[in-house]
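Asks: Data: my_file_22.pdb, PDB, C-alpha atoms.
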```
ATOM      1  CA  MET A   1    -130.675 -68.811  17.071
ATOM      2  CA  ASP A   2    -132.330 -65.496  16.167
ATOM      3  CA  HIS A   3    -131.658 -64.198  19.660
ATOM      4  CA  LEU A   4    -127.904 -64.633  19.072
ATOM      5  CA  ARG A   5    -127.585 -62.732  15.785
ATOM      6  CA  ARG A   6    -125.660 -59.476  15.480
ATOM      7  CA  SER A   7    -126.231 -57.008  12.687
ATOM      8  CA  GLY A   8    -123.326 -56.359  10.339
ATOM      9  CA  ALA A   9    -122.999 -52.814  11.652
ATOM     10  CA  ARG A  10    -122.831 -53.848  15.278
ATOM     11  CA  PHE A  11    -120.271 -56.520  14.584
ATOM     12  CA  ALA A  12    -118.147 -54.131  12.544
ATOM     13  CA  LEU A  13    -118.047 -51.706  15.459
ATOM     14  CA  TRP A  14    -117.045 -54.475  17.853
ATOM     15  CA  LEU A  15    -114.403 -55.813  15.512
ATOM     16  CA  GLY A  16    -113.105 -52.275  15.209
ATOM     17  CA  LEU A  17    -112.337 -52.427  18.910
ATOM     18  CA  VAL A  18    -110.460 -55.683  18.371
ATOM     19  CA  VAL A  19    -108.340 -54.167  15.628
ATOM     20  CA  MET A  20    -107.712 -50.886  17.412
ATOM     21  CA  LEU A  21    -106.577 -52.654  20.573
ATOM     22  CA  GLY A  22    -104.228 -54.848  18.592
ATOM     23  CA  ALA A  23    -102.805 -52.077  16.423
ATOM     24  CA  CYS A  24    -101.604 -49.745  18.972
ATOM     25  CA  GLY A  25     -90.859 -43.035   4.353
ATOM     26  CA  GLU A  26     -92.217 -43.698   1.021
ATOM     27  CA  GLY A  27     -90.913 -46.473  -1.230
ATOM     28  CA  GLN A  28     -91.081 -47.331  -4.866
ATOM     29  CA  GLY A  29     -93.923 -49.387  -6.224
ATOM     30  CA  SER A  30     -93.643 -52.934  -7.475
ATOM     31  CA  PRO A  31     -91.665 -53.177 -10.691
ATOM     32  CA  ALA A  32     -93.695 -54.475 -13.583
ATOM     33  CA  GLN A  33     -92.686 -57.537 -15.515
ATOM     34  CA  ALA A  34     -90.065 -56.742 -18.131
ATOM     35  CA  PRO A  35     -91.420 -56.938 -21.659
ATOM     36  CA  HIS A  36     -90.236 -59.897 -23.711
ATOM     37  CA  SER A  37     -87.322 -58.994 -25.969
ATOM     38  CA  GLY A  38     -88.270 -61.446 -28.657
ATOM     39  CA  ASP A  39     -86.077 -64.112 -30.203
ATOM     40  CA  VAL A  40     -82.541 -62.677 -30.058
ATOM     41  CA  GLN A  41     -81.337 -65.364 -32.454
ATOM     42  CA  GLN A  42     -83.605 -64.114 -35.215
ATOM     43  CA  THR A  43     -81.186 -61.801 -37.008
ATOM     44  CA  ALA A  44     -83.013 -61.642 -40.300
ATOM     45  CA  ALA A  45     -86.449 -60.498 -39.170
ATOM     46  CA  THR A  46     -88.496 -58.857 -41.873
ATOM     47  CA  GLY A  47     -89.693 -55.303 -41.550
ATOM     48  CA  ALA A  48     -93.188 -56.614 -40.840
ATOM     49  CA  ASP A  49     -91.843 -58.856 -38.093
ATOM     50  CA  ARG A  50     -89.994 -55.977 -36.521
ATOM     51  CA  GLY A  51     -93.121 -53.884 -36.693
ATOM     52  CA  ASN A  52     -95.171 -56.576 -35.032
ATOM     53  CA  HIS A  53     -92.579 -57.018 -32.310
ATOM     54  CA  GLY A  54     -92.518 -53.301 -31.693
ATOM     55  CA  ALA A  55     -96.271 -53.285 -31.313
ATOM     56  CA  GLU A  56     -96.139 -56.158 -28.845
ATOM     57  CA  SER A  57     -93.468 -54.448 -26.777
ATOM     58  CA  GLY A  58     -95.470 -51.262 -26.803
ATOM     59  CA  GLU A  59     -98.525 -53.104 -25.560
ATOM     60  CA  GLU A  60     -96.532 -54.709 -22.756
ATOM     61  CA  ASP A  61     -95.048 -51.361 -21.757
ATOM     62  CA  GLU A  62     -98.545 -49.913 -21.700
ATOM     63  CA  ASP A  63     -99.788 -52.812 -19.525
ATOM     64  CA  ALA A  64     -96.885 -52.270 -17.129
ATOM     65  CA  ALA A  65     -97.654 -48.568 -16.905
ATOM     66  CA  ARG A  66    -101.220 -49.383 -15.881
ATOM     67  CA  LEU A  67    -100.101 -51.479 -12.888
ATOM     68  CA  PRO A  68    -100.567 -49.729  -9.525
ATOM     69  CA  GLN A  69     -97.135 -48.442  -8.564
ATOM     70  CA  ARG A  70     -97.976 -46.774  -5.242
ATOM     71  CA  ILE A  71     -99.741 -49.234  -2.968
ATOM     72  CA  ILE A  72    -100.932 -48.873   0.625
ATOM     73  CA  ALA A  73    -101.633 -51.929   2.785
ATOM     74  CA  THR A  74    -103.799 -51.031   5.777
ATOM     75  CA  THR A  75    -103.695 -54.338   7.713
ATOM     76  CA  VAL A  76    -100.843 -56.438   9.064
ATOM     77  CA  ALA A  77    -101.987 -59.576   7.223
ATOM     78  CA  ILE A  78    -102.021 -57.792   3.858
ATOM     79  CA  THR A  79     -98.635 -56.221   4.562
ATOM     80  CA  GLN A  80     -97.174 -59.668   5.240
ATOM     81  CA  ILE A  81     -98.697 -61.069   2.059
ATOM     82  CA  MET A  82     -97.276 -58.225  -0.029
ATOM     83  CA  ASP A  83     -93.861 -58.810   1.524
ATOM     84  CA  ALA A  84     -94.016 -62.514   0.673
ATOM     85  CA  LEU A  85     -94.791 -61.516  -2.921
ATOM     86  CA  GLU A  86     -91.900 -59.016  -2.865
ATOM     87  CA  ILE A  87     -94.177 -56.105  -3.707
ATOM     88  CA  GLU A  88     -93.147 -52.668  -2.481
ATOM     89  CA  LEU A  89     -95.511 -50.388  -0.563
ATOM     90  CA  VAL A  90     -95.710 -46.674   0.122
ATOM     91  CA  GLY A  91     -97.956 -47.016   3.177
ATOM     92  CA  ILE A  92     -98.337 -49.580   5.952
ATOM     93  CA  PRO A  93    -100.562 -49.913   9.040
ATOM     94  CA  THR A  94     -99.587 -48.690  12.473
ATOM     95  CA  SER A  95     -99.214 -51.770  14.662
ATOM     96  CA  VAL A  96     -97.512 -53.040  17.801
ATOM     97  CA  LYS A  97     -96.702 -56.161  15.803
ATOM     98  CA  THR A  98     -93.390 -56.465  14.001
ATOM     99  CA  LEU A  99     -93.841 -55.710  10.325
ATOM    100  CA  PRO A 100     -91.571 -57.017   7.535
ATOM    101  CA  GLU A 101     -88.101 -55.455   7.414
ATOM    102  CA  ARG A 102     -88.702 -54.632   3.740
ATOM    103  CA  TYR A 103     -90.982 -51.808   4.846
ATOM    104  CA  ALA A 104     -88.763 -50.224   7.488
ATOM    105  CA  GLY A 105     -89.162 -46.449   7.294
ATOM    106  CA  ILE A 106     -92.320 -46.599   5.178
ATOM    107  CA  THR A 107     -95.092 -44.172   6.156
ATOM    108  CA  GLU A 108     -97.538 -45.544   8.716
ATOM    109  CA  VAL A 109    -101.144 -44.620   7.930
ATOM    110  CA  GLY A 110    -102.814 -45.474  11.243
ATOM    111  CA  ASN A 111    -104.607 -48.493  12.672
ATOM    112  CA  PRO A 112    -106.504 -50.767  10.269
ATOM    113  CA  MET A 113    -109.955 -49.787  11.518
ATOM    114  CA  SER A 114    -109.478 -46.041  11.101
ATOM    115  CA  PRO A 115    -106.607 -45.100   8.778
ATOM    116  CA  ASP A 116    -105.529 -41.459   8.753
ATOM    117  CA  MET A 117    -107.234 -40.297   5.576
ATOM    118  CA  GLU A 118    -105.064 -37.197   5.251
ATOM    119  CA  LEU A 119    -101.964 -39.372   5.274
ATOM    120  CA  VAL A 120    -103.507 -41.828   2.843
ATOM    121  CA  LYS A 121    -104.405 -39.062   0.403
ATOM    122  CA  SER A 122    -100.980 -37.413   0.751
ATOM    123  CA  LEU A 123     -99.291 -40.581  -0.491
ATOM    124  CA  ASN A 124    -101.019 -40.281  -3.874
ATOM    125  CA  SER A 125    -101.577 -44.022  -3.967
ATOM    126  CA  ASP A 126    -102.804 -46.015  -6.940
ATOM    127  CA  GLU A 127    -104.282 -48.721  -4.731
ATOM    128  CA  VAL A 128    -105.379 -48.947  -1.094
ATOM    129  CA  LEU A 129    -105.898 -52.432   0.311
ATOM    130  CA  SER A 130    -108.078 -53.399   3.279
ATOM    131  CA  VAL A 131    -110.171 -56.466   4.195
ATOM    132  CA  THR A 132    -113.850 -57.299   3.705
ATOM    133  CA  THR A 133    -114.289 -57.768   7.451
ATOM    134  CA  LEU A 134    -113.838 -53.990   7.813
ATOM    135  CA  GLN A 135    -115.594 -52.992   4.592
ATOM    136  CA  TYR A 136    -118.911 -52.032   6.196
ATOM    137  CA  ASP A 137    -117.257 -49.293   8.253
ATOM    138  CA  LEU A 138    -114.418 -48.229   6.002
ATOM    139  CA  GLU A 139    -115.887 -48.122   2.516
ATOM    140  CA  PRO A 140    -118.048 -45.009   3.174
ATOM    141  CA  VAL A 141    -115.065 -43.270   4.809
ATOM    142  CA  PHE A 142    -112.837 -43.904   1.812
ATOM    143  CA  GLU A 143    -115.591 -42.811  -0.560
ATOM    144  CA  ARG A 144    -116.078 -39.506   1.275
ATOM    145  CA  VAL A 145    -112.481 -38.545   0.603
ATOM    146  CA  GLY A 146    -112.526 -39.801  -2.973
ATOM    147  CA  ILE A 147    -110.479 -42.975  -2.462
ATOM    148  CA  GLU A 148    -111.542 -46.220  -4.100
ATOM    149  CA  ALA A 149    -110.257 -48.867  -1.711
ATOM    150  CA  ARG A 150    -110.014 -52.555  -2.519
ATOM    151  CA  PHE A 151    -111.197 -55.014   0.120
ATOM    152  CA  LEU A 152    -109.548 -58.436   0.155
ATOM    153  CA  ASP A 153    -111.564 -61.405   1.414
ATOM    154  CA  LEU A 154    -109.468 -63.231   4.014
ATOM    155  CA  THR A 155    -112.350 -64.838   5.902
ATOM    156  CA  SER A 156    -111.310 -68.379   4.993
ATOM    157  CA  LEU A 157    -108.187 -70.204   3.921
ATOM    158  CA  ALA A 158    -109.499 -70.806   0.390
ATOM    159  CA  LYS A 159    -110.469 -67.159  -0.039
ATOM    160  CA  MET A 160    -107.077 -66.006   1.198
ATOM    161  CA  GLN A 161    -105.379 -68.363  -1.259
ATOM    162  CA  GLN A 162    -107.464 -66.917  -4.077
ATOM    163  CA  GLU A 163    -106.614 -63.351  -3.074
ATOM    164  CA  ILE A 164    -102.908 -64.230  -3.010
ATOM    165  CA  ARG A 165    -103.147 -65.735  -6.484
ATOM    166  CA  THR A 166    -105.073 -62.699  -7.752
ATOM    167  CA  LEU A 167    -102.453 -60.320  -6.362
ATOM    168  CA  GLY A 168     -99.741 -62.450  -7.940
ATOM    169  CA  GLU A 169    -101.387 -62.291 -11.347
ATOM    170  CA  GLN A 170    -101.945 -58.560 -11.040
ATOM    171  CA  TYR A 171     -98.404 -57.680 -10.035
ATOM    172  CA  GLY A 172     -96.427 -60.133 -12.122
ATOM    173  CA  LYS A 173     -95.734 -62.425  -9.174
ATOM    174  CA  ALA A 174     -97.896 -65.365 -10.241
ATOM    175  CA  GLU A 175     -95.238 -68.024  -9.660
ATOM    176  CA  ALA A 176     -94.471 -66.828  -6.136
ATOM    177  CA  ALA A 177     -98.165 -66.507  -5.355
ATOM    178  CA  GLU A 178     -98.882 -70.048  -6.498
ATOM    179  CA  ALA A 179     -96.044 -71.382  -4.338
ATOM    180  CA  ILE A 180     -97.393 -69.582  -1.281
ATOM    181  CA  ALA A 181    -100.975 -70.702  -1.854
ATOM    182  CA  ALA A 182    -100.023 -74.284  -2.652
ATOM    183  CA  GLN A 183     -98.125 -74.816   0.582
ATOM    184  CA  TYR A 184    -101.370 -74.594   2.546
ATOM    185  CA  ASP A 185    -102.941 -77.314   0.415
ATOM    186  CA  GLU A 186     -99.968 -79.560   1.106
ATOM    187  CA  THR A 187    -100.130 -78.928   4.854
ATOM    188  CA  LEU A 188    -103.868 -79.505   4.933
ATOM    189  CA  GLU A 189    -103.608 -82.744   2.954
ATOM    190  CA  ASP A 190    -101.010 -84.109   5.363
ATOM    191  CA  LEU A 191    -102.981 -83.140   8.466
ATOM    192  CA  ARG A 192    -106.245 -84.515   7.117
ATOM    193  CA  GLY A 193    -104.491 -87.805   6.535
ATOM    194  CA  GLU A 194    -103.544 -87.880  10.213
ATOM    195  CA  VAL A 195    -107.066 -87.290  11.526
ATOM    196  CA  SER A 196    -109.320 -88.783   8.850
ATOM    197  CA  ALA A 197    -110.038 -91.973  10.822
ATOM    198  CA  LYS A 198    -110.664 -90.196  14.130
ATOM    199  CA  PRO A 199    -114.089 -89.138  15.507
ATOM    200  CA  GLN A 200    -115.010 -85.572  14.601
ATOM    201  CA  PRO A 201    -115.000 -83.354  17.697
ATOM    202  CA  THR A 202    -117.699 -80.770  18.362
ATOM    203  CA  VAL A 203    -116.143 -77.364  18.946
ATOM    204  CA  LEU A 204    -117.090 -74.024  20.513
ATOM    205  CA  ILE A 205    -114.927 -71.054  19.493
ATOM    206  CA  LEU A 206    -114.922 -67.884  21.600
ATOM    207  CA  LEU A 207    -113.372 -64.653  20.324
ATOM    208  CA  GLY A 208    -112.656 -62.063  22.983
ATOM    209  CA  VAL A 209    -111.261 -58.627  23.726
ATOM    210  CA  PRO A 210    -111.032 -57.168  27.240
ATOM    211  CA  GLY A 211    -114.509 -57.187  28.778
ATOM    212  CA  SER A 212    -116.339 -58.889  25.917
ATOM    213  CA  TYR A 213    -116.429 -62.019  23.798
ATOM    214  CA  LEU A 214    -118.396 -63.452  20.891
ATOM    215  CA  VAL A 215    -118.990 -66.907  19.463
ATOM    216  CA  ALA A 216    -117.232 -67.646  16.160
ATOM    217  CA  THR A 217    -119.177 -69.588  13.534
ATOM    218  CA  GLU A 218    -117.704 -71.760  10.797
ATOM    219  CA  HIS A 219    -117.809 -68.675   8.547
ATOM    220  CA  SER A 220    -115.128 -66.950  10.610
ATOM    221  CA  TYR A 221    -111.480 -67.523   9.764
ATOM    222  CA  ILE A 222    -110.759 -69.629  12.852
ATOM    223  CA  GLY A 223    -114.040 -71.469  12.348
ATOM    224  CA  ASP A 224    -112.968 -72.269   8.806
ATOM    225  CA  LEU A 225    -109.662 -73.771  10.001
ATOM    226  CA  VAL A 226    -111.522 -75.955  12.499
ATOM    227  CA  LYS A 227    -113.935 -77.103   9.796
ATOM    228  CA  LEU A 228    -111.101 -77.918   7.389
ATOM    229  CA  LEU A 229    -109.641 -80.258   9.997
ATOM    230  CA  GLY A 230    -112.938 -82.055  10.564
ATOM    231  CA  GLY A 231    -114.140 -80.198  13.643
ATOM    232  CA  VAL A 232    -117.892 -79.592  13.890
ATOM    233  CA  ASN A 233    -118.851 -76.116  15.085
ATOM    234  CA  VAL A 234    -121.641 -76.260  17.684
ATOM    235  CA  VAL A 235    -123.227 -73.236  15.986
ATOM    236  CA  GLN A 236    -124.794 -74.317  12.706
ATOM    237  CA  GLY A 237    -127.104 -72.734  10.148
ATOM    238  CA  GLU A 238    -125.674 -69.228  10.381
ATOM    239  CA  THR A 239    -124.349 -66.963   7.636
ATOM    240  CA  VAL A 240    -122.422 -64.423   9.754
ATOM    241  CA  GLU A 241    -118.933 -64.756  11.201
ATOM    242  CA  PHE A 242    -119.722 -64.019  14.844
ATOM    243  CA  LEU A 243    -122.691 -64.152  17.223
ATOM    244  CA  ALA A 244    -123.454 -62.849  20.688
ATOM    245  CA  SER A 245    -122.814 -65.405  23.421
ATOM    246  CA  ASN A 246    -125.647 -67.264  25.161
ATOM    247  CA  THR A 247    -124.071 -69.683  27.636
ATOM    248  CA  GLU A 248    -127.295 -71.580  28.354
ATOM    249  CA  TYR A 249    -127.801 -72.357  24.678
ATOM    250  CA  LEU A 250    -124.132 -73.242  24.227
ATOM    251  CA  GLN A 251    -124.168 -75.525  27.269
ATOM    252  CA  GLN A 252    -126.976 -77.521  25.676
ATOM    253  CA  ALA A 253    -124.694 -78.097  22.687
ATOM    254  CA  ASP A 254    -122.056 -79.404  25.149
ATOM    255  CA  PRO A 255    -118.946 -79.212  22.896
ATOM    256  CA  ASP A 256    -116.050 -81.647  23.151
ATOM    257  CA  VAL A 257    -113.568 -78.783  22.776
ATOM    258  CA  ILE A 258    -113.607 -75.068  23.617
ATOM    259  CA  LEU A 259    -111.162 -72.775  21.821
ATOM    260  CA  ARG A 260    -110.590 -69.294  23.238
ATOM    261  CA  ALA A 261    -109.069 -66.690  20.925
ATOM    262  CA  ALA A 262    -107.742 -63.657  22.785
ATOM    263  CA  HIS A 263    -107.249 -60.469  20.778
ATOM    264  CA  GLY A 264    -106.203 -56.904  21.433
ATOM    265  CA  MET A 265    -104.567 -57.500  24.812
ATOM    266  CA  PRO A 266    -104.120 -61.283  24.902
ATOM    267  CA  ALA A 267    -102.921 -61.600  28.500
ATOM    268  CA  GLU A 268    -105.789 -59.479  29.766
ATOM    269  CA  VAL A 269    -108.337 -61.383  27.700
ATOM    270  CA  VAL A 270    -107.065 -64.746  28.959
ATOM    271  CA  GLU A 271    -107.487 -63.443  32.507
ATOM    272  CA  MET A 272    -111.022 -62.360  31.608
ATOM    273  CA  PHE A 273    -111.794 -65.802  30.224
ATOM    274  CA  ASP A 274    -110.285 -67.501  33.294
ATOM    275  CA  GLU A 275    -112.379 -65.337  35.623
ATOM    276  CA  GLU A 276    -115.534 -65.965  33.588
ATOM    277  CA  PHE A 277    -114.993 -69.735  33.598
ATOM    278  CA  LYS A 278    -114.230 -69.665  37.331
ATOM    279  CA  THR A 279    -117.080 -67.463  38.560
ATOM    280  CA  ASN A 280    -119.886 -68.376  36.136
ATOM    281  CA  ASP A 281    -120.998 -71.768  37.381
ATOM    282  CA  ILE A 282    -122.613 -72.757  34.086
ATOM    283  CA  TRP A 283    -119.205 -73.351  32.519
ATOM    284  CA  GLN A 284    -118.572 -76.155  34.995
ATOM    285  CA  HIS A 285    -121.363 -78.103  33.295
ATOM    286  CA  PHE A 286    -119.593 -78.059  29.918
ATOM    287  CA  LYS A 287    -118.003 -81.391  29.024
ATOM    288  CA  ALA A 288    -114.960 -79.596  27.570
ATOM    289  CA  VAL A 289    -114.344 -77.867  30.906
ATOM    290  CA  ARG A 290    -114.794 -81.045  32.931
ATOM    291  CA  THR A 291    -112.375 -82.962  30.706
ATOM    292  CA  GLY A 292    -109.802 -80.170  30.500
ATOM    293  CA  ARG A 293    -110.190 -79.575  26.782
ATOM    294  CA  VAL A 294    -110.251 -75.776  26.876
ATOM    295  CA  TYR A 295    -107.449 -74.185  24.873
ATOM    296  CA  ASP A 296    -106.237 -70.611  24.496
ATOM    297  CA  LEU A 297    -105.166 -69.844  20.924
ATOM    298  CA  GLU A 298    -101.970 -67.933  20.239
ATOM    299  CA  GLU A 299    -102.857 -64.559  18.743
ATOM    300  CA  ALA A 300     -99.888 -64.575  16.362
ATOM    301  CA  LEU A 301    -101.305 -67.678  14.666
ATOM    302  CA  PHE A 302    -105.041 -67.136  15.002
ATOM    303  CA  GLY A 303    -106.062 -63.703  13.749
ATOM    304  CA  THR A 304    -109.535 -62.383  13.010
ATOM    305  CA  THR A 305    -108.702 -62.731   9.317
ATOM    306  CA  GLY A 306    -106.554 -65.115   7.311
ATOM    307  CA  ASN A 307    -102.795 -64.590   7.406
ATOM    308  CA  LEU A 308     -99.598 -66.271   6.297
ATOM    309  CA  ALA A 309     -99.359 -68.268   9.555
ATOM    310  CA  ALA A 310    -102.295 -70.436   8.428
ATOM    311  CA  ASP A 311    -100.195 -73.585   8.018
ATOM    312  CA  GLU A 312     -98.762 -73.212  11.525
ATOM    313  CA  ALA A 313    -102.256 -72.547  12.875
ATOM    314  CA  LEU A 314    -103.563 -75.731  11.275
ATOM    315  CA  LYS A 315    -100.716 -77.741  12.798
ATOM    316  CA  ALA A 316    -101.362 -76.220  16.224
ATOM    317  CA  LEU A 317    -105.068 -77.086  16.060
ATOM    318  CA  VAL A 318    -104.684 -80.830  15.477
ATOM    319  CA  PRO A 319    -103.594 -81.803  19.025
ATOM    320  CA  MET A 320    -106.297 -79.551  20.472
ATOM    321  CA  LEU A 321    -109.098 -81.048  18.405
ATOM    322  CA  TYR A 322    -107.934 -84.647  18.598
ATOM    323  CA  ALA A 323    -106.098 -84.832  21.940
ATOM    324  CA  ASP A 324    -108.145 -87.747  23.290
ATOM    325  CA  ALA A 325    -109.085 -89.376  20.004
ATOM    326  CA  PRO A 326    -107.912 -92.977  19.450
TER     327      PRO A 326
END
```
So, in terms of structure tokens, how does the structure I just supplied come out?
Replies:
Amino acid sequence: MDHLRRSGARFALWLGLVVMLGACGEGQGSPAQAPHSGDVQQTAATGADRGNHGAESGEEDEDAARLPQRIIATTVAITQIMDALEIELVGIPTSVKTLPERYAGITEVGNPMSPDMELVKSLNSDEVLSVTTLQYDLEPVFERVGIEARFLDLTSLAKMQQEIRTLGEQYGKAEAAEAIAAQYDETLEDLRGEVSAKPQPTVLILLGVPGSYLVATEHSYIGDLVKLLGGVNVVQGETVEFLASNTEYLQQADPDVILRAAHGMPAEVVEMFDEEFKTNDIWQHFKAVRTGRVYDLEEALFGTTGNLAADEALKALVPMLYADAP
């Protein structure tokens, strides 16, 4: 498989194209948790008690003051997560996708791959949030302008759940965060119950933008969803998220199912895939093609990183992976 590997830098540049193709007013920060007022029924507190309570309140006020109050989310997925947690933002990404109504009128800071650093700096933010998938390219850019960005790991469902919980703890939204994260566990448990007795399908996942496509491993977000549902990725033993395509090698693996994820310009990418499968004769030798088990994934559900539509994505995958299973 050495001949299939991409360096982190090369992949980051390619993924940048994905993001840029798909991404074509200030607000107040998140309020901190109110400090506890103490036991209002205790009317005869001693002076020492009152002093202790005052110290505690002071500590809580100090903790609240340290919370980031001016936050910028630079990707759509992060923006949606912050909305679900009811956390206000002062900056959001520029995107053709519909962003939460909560952030109507908020300053747009550019596409996720290349935020406008002048705009970012002008917002005097306390925290700038991006994703680890873009960290290789973006971290040096942020550092050059003196911004310490935070990169959330959304490369798998479990990692996204952990990031949601961490954000909830940080911003006093722990209960809401736990509810959001837990719903995916419930969905996954139900779906696993449905497919547990069925044969595990072998799966090839292709991720494409106009004119190019890569193979997604089980370490990619979509690959992780497939693995969680019992699918076996035909590419094994890798540590990266994506690899260059080698159709001869992939044909030898002969997957039961082929999933095609179209990003950037979905309609155009589907046309590209259709033309490739029609004109490149090797695809006709794939079992998945011969049996009609080639599926195009809806971009709104299947992003390059984890997002809040994960439960719907899992539900959509089941009939694709197990369509012909007894």
Asks: Do you have the atom CA of Ala316 of chain A-atom CA of Glu86 of chain A distance handy?
Replies: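 That distance, rounded to one decimal, is 27.4 Å.
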Asks: Given the file shown, enumerate the residues that the PyMOL selection byres ((chain A and resi 318-322) around 8) captures and present them as a PyMOL selection string.
Replies: chain A and resi 191+195+198+201+203+229+231+257+293+295+314-317+323-325
Asks: Residue by residue, what does the PyMOL selection byres ((chain A and resi 234) around 12) grab here? Present the result as a VMD selection string.
Replies: chain A and resid 1 200 to 206 215 to 218 223 226 to 227 231 to 233 235 to 238 249 to 259
Asks: For the structure shown, which residues end up in the PyMOL selection byres ((chain A and resi 117-126) around 8)? Put them as a count of residues only, please?
Replies: 16
Asks: Give me, as a list in words, all polymer residues having an atom no more than 12 Å from Gln183 of chain A, counting all atoms listed in the file and skipping those fewer than 2 positions away in the same chain.
Replies: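 In the requested form, the answer reads Leu157, Gln161, Ala176, Ala177, Glu178, Ala179, Ile180, Ala181, Asp185, Glu186, Thr187, Leu188, Glu189, Asp190, Leu308, Ala309, Ala310, Asp311 and Glu312 of chain A.
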Asks: Could you check which of A:Ser156, A:Thr166, A:Asn111, A:Thr247 is closest to Ile81 of chain A, using all atoms listed in the file?
Replies: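 Once distances to Ile81 of chain A are computed over all atoms listed in the file, the minimum belongs to A:Thr166.
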Asks: Between A:Thr107, A:Thr133, A:Gly208, A:Met82, which one has atoms that come closest to Ala267 of chain A, using only C-alpha atoms?
Replies: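 Nearest to Ala267 of chain A: A:Gly208.
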Asks: Would you mind telling me which residue in A:Ala104, A:Val141, A:Pro266, A:Gly306 lies nearest to Gln162 of chain A when using all atoms listed in the file?
Replies: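 When distances to Gln162 of chain A are compared using all atoms listed in the file, the smallest one comes from A:Gly306.
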Asks: Taking 4 positions as the minimum chain separation for residues in the same chain, which residues sit within 12 Å of Gln284 of chain A when counting only C-alpha atoms? Answer as a PyMOL selection string.
Replies: chain A and resi 247-248+251+254+276-280+288-292+294
Asks: Provide the atom CA of Phe302 of chain A to atom CA of Arg165 of chain A distance in Å, to one decimal place.
Replies: 21.6 Å
Asks: Using only C-alpha atoms for the distances, tell me which of A:Ala149, A:Thr74, A:Leu129, A:Lys287 is nearest to Glu163 of chain A.
Replies: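 Among the listed residues, A:Leu129 lies closest to Glu163 of chain A.
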Asks: Edge lengths and centre in Å to one decimal, as JSON, of the axis-aligned box that encloses all listed atoms of segment 156-172 of chain A with 5 Å added on every side?
Replies:
```
{"center_x": -103.9, "center_y": -64.2, "center_z": -3.6, "size_x": 24.9, "size_y": 23.1, "size_z": 27.1}
```
Asks: Could you check how far atom CA of Gly168 of chain A sits from atom CA of Leu85 of chain A, in Å to one decimal?
Replies: 7.1 Å
Asks: Show me, as an MDAnalysis selection string, the residues that have an atom within 9 Å of Gly303 of chain A when counting all atoms listed in the file, minus same-chain residues fewer than 2 positions from it.
Replies: chainID A and resid 77 221:222 261 263 298:301 305:307
Asks: Pick the closest to Lys97 of chain A from A:Arg150, A:Leu297, A:Gly264, A:Gln170: which is it, counting all atoms listed in the file?
Replies: A:Gly264
